[in-house]
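For reference, the structure is listed below as structure tokens.
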Amino acid sequence: MENTETECQAVLSRLYAYLDGEIAEGDAAEVDRHLEMCVQCARRFGFERELKELIRRKCEEGISSPGLTDIIRERLRGIAE
Amino acid sequence: MRDQRGDERRRRFEQEALPHVDTLHRAAIRLTRNATDASDLVQETFLRAFAGFDQFQEGTNIRAWLHRILMNTYISAYRKRQREVKTVSVDESEDFSLYDMLVDAGTTPEADLLDRLPDDEVKAALESLPEQFRITVLLADVEGFRYQEIADITGVEIGTVMSRLHRGRKALQRALWEYARRRGLVRQAEPWKTPRRSAKQS
């Protein structure tokens with residue numbers, strides 16, 4: 001099908017908006033339809049989705065600060081109203 | 001004589017804002033790259049938030065509101081204190097696609113591969129981004145804010161958010177690629193071979 005590559009291009013250009021949940025429902029449905037039929041794009045989308053999730057997971061942990069909330073609470077109480 | 005209204009206000013603030021201390025601390029660590037500064041930054045943020053609590057609209061997103069104050073406090077008080085750290089060039093990375101690089105290296109592009117990178121290296125990759133891009137990727141991918149929320153927090157247009165996010169993510173992918181190569185997780189592409197620019201590259 002001649003249209004395939006242009007179609008893939010069009011879908012790929014929406015990759016981030018789609019993964020970020022920032023595209024309209026109708027557009028999302030179109031992307032879903034394409035991904036059902038196009039293995040290449042489905043793989044690409046799957047990879048980018050996992051990568052996004054990986055970054056979240058790995059960067060989510062901070063250095064723990066168990067006392068910080070208490071410190072802040074104390075400081076707030078020390079403020080004269 | 002204790003001021004009842006003041007107590008009430010403090011109680012309300014503690015109830016609504018304090019649950020977010022840990023998430024703000026996490027963001028502060030990514031921003032300041034320093035545990036002491038992060039702790040100070042968060043404390044100052046909450047003090048400022050408390051001072052401006054009357055301006056907070058009940059029922060709106062308090063987490064985003066707190067993040068905005070965090071960003072402003074960081075920019076006004078902490079950014080200058082940072083030692084100069086080499087950051088990656090974002091412009092170089094605009095077309096970079098980790099997926100395509102992995103395919104070209106003959107590796108099945110699976111995120112499992114990258115899962116083998118230690119947390120510290122992924123964090124370092126994020127921290128190697130220039131500040132505006134680091135902040136945007138942090139707010140989107142780690143903190144899960146929507147584009148409009150990020151626009152509100154950082155005080156820019158939504159189009160700018162999207163552009164920074166796109167370029168920031170590409171730069172991050174490039175940084176991860178470099179780490180993966182250094183760790184021998186991917187075969188080094190022959191130096192004379194330029195990455196295939198496929199029509200599929202976004």
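Scheme for the structure tokens: letters A, B, ... for chains in order shown; per-chain residue numbers from 1; ligand numbers from 1 in order shown.
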
For Cys59 in chain A, list every protein, DNA or RNA residue within 8 Å, evaluated using only C-alpha atoms, and leave out those in the same chain fewer than 4 positions away; present the list as a PyMOL selection string. (chain A and resi 55) or (chain B and resi 119+122-123+142)

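Distances from B:Leu114, B:Val42, B:Ala105, B:Val21 to Thr73 in chain B were compared using only C-alpha atoms, and the smallest one belongs to B:Val42.
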
Residues of chain A within 10 Å of chain B, only C-alpha atoms counted, as a ChimeraX atom specification: /A:5-17,20-22,40-41,43-66,68-73,75-77,79-81

Using only C-alpha atoms, pick whichever of B:Phe56, B:Tyr74, B:Phe96, B:Tyr179 has the shortest atom-to-atom distance to Glu131 in chain B. B:Tyr74
